[in-house]
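To be precise, the following lines are input.csv, and they hold CSV, C-alpha atoms and all ligand atoms.
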chain,number,residue,atom,x,y,z
A,14,MET,CA,-5.8,22.7,55.1
A,15,SER,CA,-8.6,20.1,55.6
A,16,PHE,CA,-8.4,16.9,53.7
A,17,GLU,CA,-11.9,15.8,54.7
A,18,PHE,CA,-13.3,15.5,51.2
A,19,PHE,CA,-10.1,13.9,49.8
A,20,SER,CA,-10.0,11.5,52.7
A,21,GLU,CA,-13.5,10.4,51.9
A,22,LEU,CA,-12.6,9.9,48.3
A,23,VAL,CA,-9.5,7.8,49.3
A,24,ASP,CA,-11.8,5.6,51.5
A,25,ARG,CA,-14.1,5.1,48.6
A,26,TYR,CA,-11.7,4.6,45.7
A,27,ASP,CA,-12.5,0.9,45.4
A,28,GLU,CA,-16.3,1.4,45.8
A,29,LEU,CA,-16.1,4.0,43.0
A,30,LYS,CA,-14.2,1.7,40.6
A,31,TYR,CA,-17.2,0.7,38.5
A,32,GLU,CA,-19.3,3.8,39.1
A,33,ILE,CA,-18.4,5.4,35.8
A,34,LEU,CA,-19.3,2.2,33.9
A,35,ASP,CA,-22.7,2.0,35.6
A,36,ALA,CA,-23.4,5.7,35.0
A,37,GLN,CA,-22.6,5.3,31.4
A,38,THR,CA,-24.9,2.4,30.8
A,39,PHE,CA,-26.4,3.1,27.5
A,40,SER,CA,-30.0,2.1,26.8
A,41,GLU,CA,-30.5,0.6,23.4
A,42,GLU,CA,-34.2,1.0,23.8
A,43,HIS,CA,-34.2,4.8,23.6
A,44,PHE,CA,-30.5,5.3,22.9
A,45,GLY,CA,-30.2,7.4,26.0
A,46,PHE,CA,-28.4,7.6,29.3
A,47,PRO,CA,-29.4,8.2,32.9
A,48,PRO,CA,-29.3,11.9,34.0
A,49,ILE,CA,-26.1,11.5,36.0
A,50,TYR,CA,-24.2,10.7,32.8
A,51,TYR,CA,-25.4,13.8,31.0
A,52,LYS,CA,-24.0,15.8,34.0
A,53,VAL,CA,-20.7,13.9,33.8
A,54,MET,CA,-20.5,14.8,30.1
A,55,GLU,CA,-21.6,18.4,30.4
A,56,THR,CA,-19.1,19.2,33.2
A,57,ASP,CA,-16.1,17.6,31.3
A,58,ARG,CA,-14.4,20.7,29.8
A,59,THR,CA,-11.8,18.6,28.0
A,60,ARG,CA,-14.5,16.8,26.1
A,61,VAL,CA,-16.7,19.8,25.4
A,62,GLU,CA,-13.7,22.0,24.3
A,63,SER,CA,-12.4,19.5,21.8
A,64,PHE,CA,-15.6,20.2,19.9
A,65,THR,CA,-15.9,23.9,20.6
A,66,LYS,CA,-12.4,24.4,19.3
A,67,ALA,CA,-13.4,22.6,16.1
A,68,PHE,CA,-16.5,24.8,15.8
A,69,GLU,CA,-14.2,27.9,15.9
A,70,ARG,CA,-11.7,26.4,13.5
A,71,TYR,CA,-14.3,25.9,10.8
A,72,ASP,CA,-16.6,29.0,11.5
A,73,PHE,CA,-20.2,27.8,11.5
A,74,THR,CA,-21.5,31.3,10.8
A,75,ASP,CA,-24.6,31.1,8.4
A,76,LYS,CA,-24.0,27.4,7.8
A,77,VAL,CA,-26.4,24.5,7.7
A,78,VAL,CA,-25.6,22.0,10.4
A,79,CYS,CA,-26.9,18.6,11.5
A,80,GLU,CA,-26.2,17.3,14.9
A,81,ALA,CA,-27.0,13.7,15.9
A,82,GLY,CA,-27.6,12.8,19.6
A,83,ILE,CA,-27.8,16.3,21.0
A,84,GLY,CA,-28.4,15.2,24.6
A,85,THR,CA,-28.7,18.2,26.8
A,86,LEU,CA,-27.3,20.6,24.1
A,87,ALA,CA,-23.8,20.6,25.7
A,88,LEU,CA,-22.2,21.0,22.3
A,89,THR,CA,-25.2,22.4,20.4
A,90,LYS,CA,-25.4,25.6,22.4
A,91,HIS,CA,-22.0,26.6,21.2
A,92,PHE,CA,-22.8,26.7,17.5
A,93,LEU,CA,-26.6,27.4,17.4
A,94,PRO,CA,-26.3,31.1,17.9
A,95,VAL,CA,-24.4,31.6,14.6
A,96,VAL,CA,-25.8,29.0,12.2
A,97,LYS,CA,-28.4,29.6,9.5
A,98,LYS,CA,-30.2,26.4,10.0
A,99,ALA,CA,-29.8,23.3,12.3
A,100,TYR,CA,-31.3,19.8,12.1
A,101,LEU,CA,-31.0,18.3,15.6
A,102,ILE,CA,-31.6,14.6,16.1
A,103,GLU,CA,-32.3,12.9,19.5
A,104,TYR,CA,-33.9,9.7,20.4
A,105,ASN,CA,-34.1,9.8,24.2
A,106,PRO,CA,-37.7,10.8,25.0
A,107,ASP,CA,-36.8,12.0,28.5
A,108,LEU,CA,-34.9,15.0,27.0
A,109,LYS,CA,-37.8,16.4,24.9
A,110,ASP,CA,-39.1,18.9,27.4
A,111,PHE,CA,-35.6,20.1,28.2
A,112,ILE,CA,-34.6,20.5,24.6
A,113,GLU,CA,-37.8,22.4,23.6
A,114,GLY,CA,-37.5,24.6,26.7
A,115,GLU,CA,-33.9,25.6,25.9
A,116,LEU,CA,-34.6,26.3,22.2
A,117,ALA,CA,-37.6,28.6,23.1
A,118,LYS,CA,-35.8,30.3,26.0
A,119,ASN,CA,-32.8,31.2,23.8
A,120,GLY,CA,-34.9,32.2,20.7
A,121,TRP,CA,-33.4,29.4,18.5
A,122,ALA,CA,-36.6,27.5,17.8
A,123,ASP,CA,-37.2,29.3,14.4
A,124,LYS,CA,-34.0,28.1,12.8
A,125,VAL,CA,-34.1,24.6,14.3
A,126,GLU,CA,-35.8,21.5,13.2
A,127,VAL,CA,-35.7,18.9,16.0
A,128,ILE,CA,-36.1,15.3,14.8
A,129,TYR,CA,-37.0,12.9,17.5
A,130,GLY,CA,-35.9,9.7,15.9
A,131,ASP,CA,-33.1,7.3,15.2
A,132,ALA,CA,-30.2,9.0,13.5
A,133,MET,CA,-29.3,5.7,11.8
A,134,LYS,CA,-32.5,6.1,9.7
A,135,VAL,CA,-33.2,9.8,9.6
A,136,VAL,CA,-33.7,11.4,6.1
A,137,LEU,CA,-32.6,15.1,5.9
A,138,PRO,CA,-34.4,17.5,3.6
A,139,GLU,CA,-31.3,19.3,2.3
A,140,PRO,CA,-27.5,18.9,2.1
A,141,VAL,CA,-25.6,20.3,5.1
A,142,ASP,CA,-22.2,21.9,5.6
A,143,TYR,CA,-21.3,20.1,8.9
A,144,ILE,CA,-22.4,17.0,10.6
A,145,VAL,CA,-21.7,16.9,14.4
A,146,GLY,CA,-22.2,13.8,16.5
A,147,GLU,CA,-20.7,12.8,19.7
A,148,LEU,CA,-22.0,9.3,20.0
A,149,MET,CA,-18.7,7.8,20.7
A,150,SER,CA,-17.5,5.0,23.0
A,151,ILE,CA,-14.2,3.2,23.3
A,152,TYR,CA,-13.5,1.6,19.9
A,153,CYS,CA,-17.0,2.7,19.0
A,154,GLY,CA,-17.8,-0.6,20.7
A,155,ASN,CA,-21.2,0.1,22.1
A,156,GLU,CA,-22.7,3.3,20.6
A,157,PHE,CA,-23.6,3.8,17.0
A,158,GLN,CA,-21.2,6.5,15.8
A,159,VAL,CA,-20.1,4.5,12.8
A,160,GLN,CA,-23.6,3.5,11.7
A,161,ILE,CA,-25.0,7.0,12.3
A,162,PHE,CA,-22.4,8.8,10.3
A,163,LYS,CA,-22.7,6.1,7.6
A,164,ASN,CA,-26.3,7.2,7.2
A,165,LEU,CA,-25.9,11.0,7.6
A,166,ARG,CA,-22.7,11.5,5.6
A,167,GLN,CA,-24.8,11.1,2.3
A,168,TYR,CA,-26.2,14.6,3.1
A,169,LEU,CA,-22.8,16.2,3.4
A,170,LYS,CA,-22.2,18.9,0.8
A,171,PRO,CA,-19.0,18.5,-1.2
A,172,GLY,CA,-16.2,19.8,1.0
A,173,GLY,CA,-18.4,19.5,4.1
A,174,LYS,CA,-17.0,18.2,7.3
A,175,LEU,CA,-17.8,15.5,9.8
A,176,LEU,CA,-17.0,16.2,13.5
A,177,PRO,CA,-15.4,13.9,14.6
A,178,GLU,CA,-13.7,12.6,11.5
A,179,TYR,CA,-11.1,10.0,12.4
A,180,ILE,CA,-10.7,7.6,15.4
A,181,THR,CA,-7.6,5.6,16.0
A,182,ASN,CA,-7.9,2.6,18.3
A,183,VAL,CA,-4.8,1.4,20.2
A,184,ILE,CA,-4.1,-1.6,22.4
A,185,GLN,CA,-1.7,-3.0,24.9
A,186,LEU,CA,-1.5,-6.4,26.7
A,187,ALA,CA,-1.9,-6.0,30.4
A,188,ASN,CA,-2.9,-7.4,33.7
A,189,ALA,CA,-5.8,-6.0,35.8
A,190,GLU,CA,-8.1,-7.2,38.6
A,191,PHE,CA,-11.6,-8.3,37.6
A,192,ASP,CA,-14.5,-9.2,39.8
A,193,GLU,CA,-17.0,-11.9,38.8
A,194,LYS,CA,-19.4,-9.4,37.2
A,195,HIS,CA,-17.3,-7.4,34.9
A,196,LYS,CA,-15.6,-8.5,31.7
A,197,HIS,CA,-14.6,-4.9,31.0
A,198,TYR,CA,-14.4,-1.6,32.8
A,199,PRO,CA,-13.1,1.9,32.2
A,200,ILE,CA,-10.3,3.3,34.4
A,201,ASN,CA,-11.7,6.0,36.6
A,202,PHE,CA,-8.7,6.4,39.0
A,203,THR,CA,-5.1,5.8,38.2
A,204,ARG,CA,-4.7,3.3,41.0
A,205,HIS,CA,-6.9,1.0,39.0
A,206,LEU,CA,-4.6,1.2,36.0
A,207,PRO,CA,-3.6,-2.2,34.8
A,208,GLU,CA,0.0,-3.5,34.8
A,209,GLN,CA,1.0,-2.8,31.2
A,210,LEU,CA,3.1,-5.5,29.6
A,211,SER,CA,3.4,-4.2,26.1
A,212,LEU,CA,3.5,-0.8,24.3
A,213,GLN,CA,0.5,0.8,22.5
A,214,GLN,CA,-0.1,-0.5,19.0
A,215,VAL,CA,-2.7,0.6,16.5
A,216,VAL,CA,-5.6,-1.8,16.0
A,217,ASN,CA,-7.4,0.3,13.3
A,218,GLU,CA,-8.3,3.8,12.2
A,219,ILE,CA,-12.0,4.6,11.7
A,220,ASP,CA,-12.4,7.0,8.8
A,221,LEU,CA,-15.9,8.2,9.4
A,222,TYR,CA,-16.2,9.6,5.8
A,223,GLN,CA,-15.7,6.0,4.5
A,224,ALA,CA,-16.2,3.4,7.1
A,225,GLU,CA,-18.5,0.6,5.8
A,226,GLY,CA,-17.9,-2.7,7.6
A,227,LEU,CA,-19.0,-3.0,11.2
A,228,VAL,CA,-16.9,-6.0,12.2
A,229,ILE,CA,-13.2,-5.6,12.9
A,230,GLU,CA,-10.9,-8.6,12.9
A,231,LYS,CA,-7.1,-8.2,13.3
A,232,ILE,CA,-4.1,-10.1,14.3
A,233,LEU,CA,-1.2,-8.0,15.7
A,234,GLU,CA,2.3,-9.1,16.4
A,235,VAL,CA,3.1,-7.9,20.0
A,236,THR,CA,6.4,-8.0,21.6
A,237,PRO,CA,6.1,-7.7,25.4
A,238,VAL,CA,8.3,-5.2,27.2
A,239,LEU,CA,7.8,-6.9,30.6
A,240,THR,CA,7.5,-10.6,31.6
A,241,GLY,CA,4.2,-11.4,33.3
A,242,LEU,CA,0.7,-12.8,33.2
A,243,ALA,CA,-1.6,-11.0,30.7
A,244,ASN,CA,-5.3,-11.4,31.4
A,245,CYS,CA,-6.6,-8.4,29.5
A,246,VAL,CA,-6.1,-5.8,26.9
A,247,TYR,CA,-5.8,-2.1,27.7
A,248,MET,CA,-7.7,0.0,25.1
A,249,HIS,CA,-7.5,3.7,24.2
A,250,SER,CA,-9.3,5.6,21.4
A,251,LEU,CA,-7.6,8.7,19.9
A,252,VAL,CA,-10.0,11.1,18.2
A,253,GLN,CA,-9.5,13.8,15.6
A,254,VAL,CA,-12.6,16.0,15.9
A,255,ALA,CA,-11.1,18.3,13.3
A,256,GLU,CA,-7.5,18.7,12.2
A,257,GLY,CA,-5.6,20.0,15.2
A,258,CYS,CA,-8.6,19.6,17.5
A,259,ASN,CA,-8.2,16.2,19.2
A,260,PHE,CA,-9.7,14.2,22.0
A,261,THR,CA,-7.9,11.3,23.6
A,262,GLY,CA,-10.2,10.1,26.3
A,263,THR,CA,-11.4,11.2,29.7
A,264,ASP,CA,-13.7,9.7,32.4
A,265,SER,CA,-16.8,11.1,30.6
A,266,LEU,CA,-16.0,9.8,27.1
A,267,MET,CA,-13.9,6.9,25.8
A,268,PRO,CA,-12.1,6.4,29.1
A,269,PRO,CA,-9.2,4.0,28.7
A,270,THR,CA,-10.7,0.6,29.3
A,271,VAL,CA,-9.6,-2.9,30.2
A,272,CYS,CA,-11.3,-5.9,28.7
A,273,GLN,CA,-10.5,-9.5,29.6
A,274,LEU,CA,-8.6,-11.9,27.3
A,275,GLU,CA,-10.4,-15.2,26.5
A,276,LYS,CA,-7.7,-16.9,28.5
A,277,PRO,CA,-4.8,-15.5,30.6
A,278,VAL,CA,-1.4,-16.1,29.1
A,279,HIS,CA,2.2,-15.9,30.4
A,280,LEU,CA,4.3,-13.4,28.4
A,281,GLU,CA,8.0,-13.2,28.2
A,282,LYS,CA,9.8,-9.9,27.7
A,283,GLY,CA,11.1,-9.7,24.1
A,284,LYS,CA,9.2,-12.8,22.9
A,285,PRO,CA,6.6,-11.9,20.3
A,286,VAL,CA,3.1,-13.3,20.4
A,287,HIS,CA,0.0,-12.9,18.1
A,288,LEU,CA,-2.8,-10.9,19.6
A,289,HIS,CA,-6.2,-11.8,17.9
A,290,ILE,CA,-8.8,-9.1,18.0
A,291,ARG,CA,-12.5,-9.3,17.1
A,292,PHE,CA,-15.2,-6.7,17.9
A,293,GLU,CA,-18.2,-5.1,16.3
A,294,TYR,CA,-19.2,-1.4,16.3
A,295,GLY,CA,-22.4,-0.7,18.2
A,296,THR,CA,-22.7,-3.9,20.2
A,297,ASN,CA,-21.2,-4.4,23.6
A,298,LEU,CA,-17.5,-4.8,24.6
A,299,ASP,CA,-18.5,-7.9,26.5
A,300,GLU,CA,-19.0,-9.5,23.1
A,301,ALA,CA,-15.6,-8.5,21.9
A,302,LYS,CA,-13.0,-11.2,21.8
A,303,PHE,CA,-9.2,-10.9,22.4
A,304,TRP,CA,-6.9,-13.8,22.6
A,305,VAL,CA,-3.2,-14.5,22.5
A,306,GLU,CA,-1.5,-17.1,20.4
A,307,GLN,CA,2.1,-18.1,21.4
A,308,LEU,CA,4.5,-18.2,18.4
B,401,LIG,C1,-22.9,10.5,24.3
B,401,LIG,S1,-24.4,11.4,24.4
B,401,LIG,C2,-23.8,13.0,23.9
B,401,LIG,C3,-24.8,14.1,24.1
B,401,LIG,C4,-24.4,15.5,23.6
B,401,LIG,N1,-24.1,15.5,22.2
B,401,LIG,C5,-23.1,15.9,24.3
B,401,LIG,O1,-22.1,15.9,23.7
B,401,LIG,O2,-23.2,16.2,25.5
B,401,LIG,C6,-25.2,10.8,23.0
B,401,LIG,C7,-26.7,11.2,22.8
B,401,LIG,O3,-27.1,10.6,21.6
B,401,LIG,C8,-28.4,10.0,21.7
B,401,LIG,N2,-28.4,8.9,20.7
B,401,LIG,C9,-27.7,7.8,20.8
B,401,LIG,N3,-28.0,7.0,19.7
B,401,LIG,C10,-28.9,7.7,19.0
B,401,LIG,C11,-29.6,7.4,17.7
B,401,LIG,N4,-29.4,6.3,17.1
B,401,LIG,N5,-30.4,8.4,17.2
B,401,LIG,C12,-30.6,9.5,17.9
B,401,LIG,N6,-30.0,9.8,19.1
B,401,LIG,C13,-29.2,8.9,19.6
B,401,LIG,C14,-28.4,9.6,23.2
B,401,LIG,O4,-29.8,9.5,23.6
B,401,LIG,C15,-27.6,10.7,23.9
B,401,LIG,O5,-28.4,11.7,24.3

Kindly return the structure encoded in the file as structure tokens.
Ligand SMILES: C[S@@+](CC[C@H](N)C(=O)[O-])C[C@H]1O[C@@H](n2cnc3c(N)ncnc32)[C@H](O)[C@@H]1O
Amino acid sequence: MSFEFFSELVDRYDELKYEILDAQTFSEEHFGFPPIYYKVMETDRTRVESFTKAFERYDFTDKVVCEAGIGTLALTKHFLPVVKKAYLIEYNPDLKDFIEGELAKNGWADKVEVIYGDAMKVVLPEPVDYIVGELMSIYCGNEFQVQIFKNLRQYLKPGGKLLPEYITNVIQLANAEFDEKHKHYPINFTRHLPEQLSLQQVVNEIDLYQAEGLVIEKILEVTPVLTGLANCVYMHSLVQVAEGCNFTGTDSLMPPTVCQLEKPVHLEKGKPVHLHIRFEYGTNLDEAKFWVEQL
């Protein structure tokens, strides 16, 4: 057996450490991503299947559906064949030709209205049975999932469903290596995992049917399970797309992420501290603040 490809990967592990972060860089100007990131998302079966399982669970046959942020139709193509009508929203102008081409080629154009606009402001002409939108990022920190569903959920029929519906954000105190340039980065390879000094604790649950406020401020009591120097938090987001159809983070979406503390702090096993947390949905994790207060 030849290990040529694996050997190259091993040689380049460190070089690839920030690659996923750079590929994911979200443009607020047109709300889009570079082509490589659409490829990363499309090829991630775990991510796509968490949604396709939810489409099957609910049965979209003859339903009216709205999807925000359709991208390259990676999710859309799984429900379009059976729905009665779909309102599809996308802001990235680079995708227009691709989207129109796919709709025409598959004979879906007649039952689809594509809205090239900002899903935070879009007005829908009728109530819908389902609203789909994968505009997530860890803690909803830099994309506009919360703001977009806050606008669109007013068009949901009684008993209608949002996909996803709930996001639980969890946190640990940890120690990771940071270069000068990055205040946060997602974990792409397990060798870059931080040293974890405390167990996972819940920061907040985002109920997308009801979320109103955009700023989250919390103080958690954390009891370290290891003694050591904490210089960051280690963050995960756990998503319920539909009941029983979950998504808990992969490299393409909500990868577990480390973000620096305001100041490194020495922790002692068994000695509780207060972890202060402040972040805002749809901004940038570099603006989030995490700091530890000794008790
Ligand atoms: C994370 S990608 C997901 C794409 C596709 N739904 C998928 O699952 O592969 C999010 C998409 O939403 C679009 N988007 C982000 N914010 C938007 C907004 N405010 N209004 C409309 N589209 C938006 C981006 O351009 C991008 O194509």

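The smallest atom-to-atom distance between A:Asp75 and any of A:Leu34, A:Leu221, A:Val141, A:Cys272, using only C-alpha atoms, is found for A:Val141.
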
Would you list the residues that come within 8 Å of ligand LIG 401 (chain B)? Count only C-alpha atoms and all ligand atoms and give the answer as a PyMOL selection string. chain A and resi 41+43-46+51+54-55+61+80-89+102-105+108+129-133+146-150+156-158+161+266

Output C-alpha atoms of each residue in that selection to a file, as a PDB file, in the frame of the given file.
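See selection39.pdb below for the written result:
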ATOM      1  CA  GLU A  41     -30.500   0.600  23.400  1.00  0.00           C
ATOM      2  CA  HIS A  43     -34.200   4.800  23.600  1.00  0.00           C
ATOM      3  CA  PHE A  44     -30.500   5.300  22.900  1.00  0.00           C
ATOM      4  CA  GLY A  45     -30.200   7.400  26.000  1.00  0.00           C
ATOM      5  CA  PHE A  46     -28.400   7.600  29.300  1.00  0.00           C
ATOM      6  CA  TYR A  51     -25.400  13.800  31.000  1.00  0.00           C
ATOM      7  CA  MET A  54     -20.500  14.800  30.100  1.00  0.00           C
ATOM      8  CA  GLU A  55     -21.600  18.400  30.400  1.00  0.00           C
ATOM      9  CA  VAL A  61     -16.700  19.800  25.400  1.00  0.00           C
ATOM     10  CA  GLU A  80     -26.200  17.300  14.900  1.00  0.00           C
ATOM     11  CA  ALA A  81     -27.000  13.700  15.900  1.00  0.00           C
ATOM     12  CA  GLY A  82     -27.600  12.800  19.600  1.00  0.00           C
ATOM     13  CA  ILE A  83     -27.800  16.300  21.000  1.00  0.00           C
ATOM     14  CA  GLY A  84     -28.400  15.200  24.600  1.00  0.00           C
ATOM     15  CA  THR A  85     -28.700  18.200  26.800  1.00  0.00           C
ATOM     16  CA  LEU A  86     -27.300  20.600  24.100  1.00  0.00           C
ATOM     17  CA  ALA A  87     -23.800  20.600  25.700  1.00  0.00           C
ATOM     18  CA  LEU A  88     -22.200  21.000  22.300  1.00  0.00           C
ATOM     19  CA  THR A  89     -25.200  22.400  20.400  1.00  0.00           C
ATOM     20  CA  ILE A 102     -31.600  14.600  16.100  1.00  0.00           C
ATOM     21  CA  GLU A 103     -32.300  12.900  19.500  1.00  0.00           C
ATOM     22  CA  TYR A 104     -33.900   9.700  20.400  1.00  0.00           C
ATOM     23  CA  ASN A 105     -34.100   9.800  24.200  1.00  0.00           C
ATOM     24  CA  LEU A 108     -34.900  15.000  27.000  1.00  0.00           C
ATOM     25  CA  TYR A 129     -37.000  12.900  17.500  1.00  0.00           C
ATOM     26  CA  GLY A 130     -35.900   9.700  15.900  1.00  0.00           C
ATOM     27  CA  ASP A 131     -33.100   7.300  15.200  1.00  0.00           C
ATOM     28  CA  ALA A 132     -30.200   9.000  13.500  1.00  0.00           C
ATOM     29  CA  MET A 133     -29.300   5.700  11.800  1.00  0.00           C
ATOM     30  CA  GLY A 146     -22.200  13.800  16.500  1.00  0.00           C
ATOM     31  CA  GLU A 147     -20.700  12.800  19.700  1.00  0.00           C
ATOM     32  CA  LEU A 148     -22.000   9.300  20.000  1.00  0.00           C
ATOM     33  CA  MET A 149     -18.700   7.800  20.700  1.00  0.00           C
ATOM     34  CA  SER A 150     -17.500   5.000  23.000  1.00  0.00           C
ATOM     35  CA  GLU A 156     -22.700   3.300  20.600  1.00  0.00           C
ATOM     36  CA  PHE A 157     -23.600   3.800  17.000  1.00  0.00           C
ATOM     37  CA  GLN A 158     -21.200   6.500  15.800  1.00  0.00           C
ATOM     38  CA  ILE A 161     -25.000   7.000  12.300  1.00  0.00           C
ATOM     39  CA  LEU A 266     -16.000   9.800  27.100  1.00  0.00           C
TER      40      LEU A 266
END

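The space separating atom CA of A:Ala189 from atom CA of A:Gln37 comes to 20.7 Å.
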
Would you kindly return, as a ChimeraX atom specification, each protein, DNA or RNA residue with an atom no farther than 7 Å from any atom of A:Ala255, considering only C-alpha atoms and excluding same-chain residues fewer than 4 positions away? /A:67,176-178,259

Expected answer as an MDAnalysis selection string: all residues with atoms within 6 Å of (-27.5, 20.9, 13.2), all atoms listed in the file: chainID A and resid 78:80 99:101

Those residues with C-alpha atoms, as a PDB file, keeping the file's coordinate frame please?
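As a result, out-v9.pdb now contains:
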ATOM      1  CA  VAL A  78     -25.600  22.000  10.400  1.00  0.00           C
ATOM      2  CA  CYS A  79     -26.900  18.600  11.500  1.00  0.00           C
ATOM      3  CA  GLU A  80     -26.200  17.300  14.900  1.00  0.00           C
ATOM      4  CA  ALA A  99     -29.800  23.300  12.300  1.00  0.00           C
ATOM      5  CA  TYR A 100     -31.300  19.800  12.100  1.00  0.00           C
ATOM      6  CA  LEU A 101     -31.000  18.300  15.600  1.00  0.00           C
TER       7      LEU A 101
END

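Atom CA of A:Leu186 sits 7.8 Å away from atom CA of A:Asn244.
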
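Across A:Asp27, A:Asn201, A:Pro140, A:Phe19, the tightest approach to A:Ser265 is made by A:Asn201 when counting all atoms listed in the file.
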
Identify, on the basis of only C-alpha atoms, every residue whose closest approach to A:Ala122 does not exceed 12 Å; exclude the query and any residue fewer than 2 positions from it along the same chain; express the result as a ChimeraX atom specification. /A:93-94,97-101,112-120,124-127

Students should find that atom CA of A:Lys30 and atom CA of A:Tyr179 are spaced 29.6 Å
